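These notes are about the structure you will find just below.
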Amino acid sequence: MEMVPLKKITKARTSRELERMIEDEKERGWNVASKVNHFPYHSRPYQILMTFETDKEQVSL
């Protein structure tokens, strides 16, 4: 059975808000896949890539 990683970008207004969101996502089974990126002119400038490993048979995209 092959694992298929799902990916998403988590965005926040502050680094503290992002830290809380990362902890919540980890509790749901998501993993951090990148360093924190800061885009100063974005409405939610603190962003991080998260991945989730799941079974290919259970995912319908």
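Labels for the structure tokens follow display order: chains A, B, ..., residues from 1 in each chain, ligands from 1.
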List the neighbours of Thr10 of chain A out to 12 Å using only C-alpha atoms; skip same-chain residues closer than 3 positions along the sequence, and give me the result as a ChimeraX atom specification.
/A:7,13-15,17-26,30-38,44-51
DSSP on the backbone, then: every residue of segment 7-55 of chain A marked strand (DSSP E or B), written as an MDAnalysis selection string.
chainID A and resid 7:12 31:32 37:38 46:55
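Of the listed residues A:Pro5, A:Pro40, A:Glu27, A:Lys11, the one whose atoms come nearest to Phe52 of chain A is A:Pro5, with distances taken using only C-alpha atoms.
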Using DSSP secondary structure from the backbone, list all helix (DSSP H, G or I) positions within chain A, as a short mmCIF file (atom, residue, chain, number, x, y, z; two decimals) with all heavy atoms, in the first residue's frame.
data_model
loop_
_atom_site.label_atom_id
_atom_site.label_comp_id
_atom_site.auth_asym_id
_atom_site.auth_seq_id
_atom_site.Cartn_x
_atom_site.Cartn_y
_atom_site.Cartn_z
N SER A 15 3.62 35.47 14.04
CA SER A 15 4.38 34.24 14.25
C SER A 15 3.78 33.44 15.41
O SER A 15 3.76 32.22 15.38
CB SER A 15 5.86 34.55 14.51
OG SER A 15 6.01 35.37 15.63
N ARG A 16 3.26 34.12 16.43
CA ARG A 16 2.66 33.43 17.57
C ARG A 16 1.39 32.69 17.13
O ARG A 16 1.14 31.56 17.54
CB ARG A 16 2.33 34.43 18.68
CG ARG A 16 1.82 33.75 19.93
CD ARG A 16 1.74 34.72 21.06
NE ARG A 16 3.09 35.18 21.38
CZ ARG A 16 3.43 35.70 22.53
NH1 ARG A 16 2.54 35.86 23.48
NH2 ARG A 16 4.66 36.07 22.77
N GLU A 17 0.58 33.35 16.30
CA GLU A 17 -0.63 32.70 15.78
C GLU A 17 -0.26 31.47 14.95
O GLU A 17 -0.89 30.42 15.08
CB GLU A 17 -1.42 33.69 14.91
CG GLU A 17 -2.69 33.11 14.33
CD GLU A 17 -3.40 34.05 13.37
OE1 GLU A 17 -2.75 34.95 12.78
OE2 GLU A 17 -4.61 33.87 13.19
N LEU A 18 0.81 31.58 14.14
CA LEU A 18 1.24 30.45 13.33
C LEU A 18 1.70 29.29 14.22
O LEU A 18 1.37 28.14 13.95
CB LEU A 18 2.36 30.87 12.37
CG LEU A 18 2.82 29.78 11.40
CD1 LEU A 18 1.68 29.35 10.48
CD2 LEU A 18 4.02 30.24 10.59
N GLU A 19 2.43 29.59 15.29
CA GLU A 19 2.88 28.54 16.21
C GLU A 19 1.69 27.77 16.78
O GLU A 19 1.72 26.54 16.86
CB GLU A 19 3.71 29.14 17.34
CG GLU A 19 5.08 29.61 16.91
CD GLU A 19 5.80 30.38 18.00
OE1 GLU A 19 5.38 30.30 19.18
OE2 GLU A 19 6.79 31.06 17.68
N ARG A 20 0.65 28.50 17.18
CA ARG A 20 -0.56 27.84 17.72
C ARG A 20 -1.23 26.99 16.64
O ARG A 20 -1.69 25.88 16.92
CB ARG A 20 -1.55 28.89 18.25
CG ARG A 20 -1.14 29.48 19.58
CD ARG A 20 -2.27 30.24 20.24
NE ARG A 20 -2.80 31.32 19.41
CZ ARG A 20 -2.40 32.58 19.46
NH1 ARG A 20 -1.47 32.94 20.30
NH2 ARG A 20 -2.94 33.48 18.68
N MET A 21 -1.30 27.51 15.43
CA MET A 21 -1.94 26.77 14.34
C MET A 21 -1.15 25.49 14.01
O MET A 21 -1.73 24.44 13.76
CB MET A 21 -2.06 27.65 13.10
CG MET A 21 -3.04 28.81 13.30
SD MET A 21 -3.04 29.97 11.93
CE MET A 21 -4.05 29.09 10.76
N ILE A 22 0.18 25.58 14.05
CA ILE A 22 1.03 24.42 13.78
C ILE A 22 0.77 23.34 14.83
O ILE A 22 0.63 22.15 14.50
CB ILE A 22 2.53 24.81 13.74
CG1 ILE A 22 2.81 25.64 12.48
CG2 ILE A 22 3.42 23.57 13.80
CD1 ILE A 22 4.20 26.28 12.48
N GLU A 23 0.69 23.74 16.10
CA GLU A 23 0.42 22.76 17.16
C GLU A 23 -0.94 22.09 16.95
O GLU A 23 -1.07 20.88 17.12
CB GLU A 23 0.50 23.42 18.54
CG GLU A 23 1.91 23.83 18.93
CD GLU A 23 2.90 22.68 18.84
OE1 GLU A 23 2.60 21.56 19.34
OE2 GLU A 23 3.99 22.88 18.27
N ASP A 24 -1.94 22.87 16.58
CA ASP A 24 -3.27 22.29 16.30
C ASP A 24 -3.21 21.30 15.15
O ASP A 24 -3.81 20.23 15.20
CB ASP A 24 -4.29 23.40 15.97
CG ASP A 24 -4.66 24.23 17.18
OD1 ASP A 24 -4.37 23.80 18.32
OD2 ASP A 24 -5.24 25.32 16.99
N GLU A 25 -2.50 21.68 14.08
CA GLU A 25 -2.40 20.81 12.91
C GLU A 25 -1.65 19.52 13.25
O GLU A 25 -2.00 18.44 12.78
CB GLU A 25 -1.70 21.53 11.75
CG GLU A 25 -2.43 22.76 11.24
CD GLU A 25 -3.77 22.46 10.59
OE1 GLU A 25 -4.17 21.29 10.48
OE2 GLU A 25 -4.44 23.43 10.20
N LYS A 26 -0.60 19.61 14.07
CA LYS A 26 0.15 18.42 14.48
C LYS A 26 -0.74 17.45 15.23
O LYS A 26 -0.64 16.23 15.05
CB LYS A 26 1.36 18.80 15.33
CG LYS A 26 2.51 19.37 14.55
CD LYS A 26 3.66 19.68 15.49
CE LYS A 26 4.88 20.17 14.76
NZ LYS A 26 5.98 20.46 15.71
N GLU A 27 -1.64 17.98 16.06
CA GLU A 27 -2.57 17.12 16.80
C GLU A 27 -3.51 16.38 15.86
O GLU A 27 -4.00 15.30 16.17
CB GLU A 27 -3.38 17.95 17.80
CG GLU A 27 -2.57 18.42 18.98
CD GLU A 27 -3.38 19.29 19.92
OE1 GLU A 27 -4.61 19.36 19.79
OE2 GLU A 27 -2.74 19.91 20.81
N LYS A 56 -3.34 5.72 -0.18
CA LYS A 56 -3.84 6.08 -1.49
C LYS A 56 -5.28 5.60 -1.69
O LYS A 56 -6.10 6.29 -2.29
CB LYS A 56 -2.93 5.47 -2.57
CG LYS A 56 -3.33 5.84 -3.98
CD LYS A 56 -2.44 5.17 -5.01
CE LYS A 56 -1.15 5.93 -5.19
NZ LYS A 56 -0.33 5.42 -6.29
N GLU A 57 -5.61 4.43 -1.17
CA GLU A 57 -6.94 3.85 -1.37
C GLU A 57 -8.03 4.66 -0.68
O GLU A 57 -9.18 4.59 -1.04
CB GLU A 57 -6.96 2.41 -0.86
CG GLU A 57 -6.05 1.51 -1.67
CD GLU A 57 -5.91 0.14 -1.01
OE1 GLU A 57 -6.46 -0.07 0.07
OE2 GLU A 57 -5.22 -0.70 -1.60
N GLN A 58 -7.67 5.41 0.35
CA GLN A 58 -8.67 6.17 1.11
C GLN A 58 -8.85 7.59 0.62
O GLN A 58 -9.71 8.31 1.09
CB GLN A 58 -8.27 6.21 2.59
CG GLN A 58 -8.24 4.84 3.23
CD GLN A 58 -7.73 4.88 4.65
OE1 GLN A 58 -7.28 5.91 5.12
NE2 GLN A 58 -7.78 3.76 5.34
#
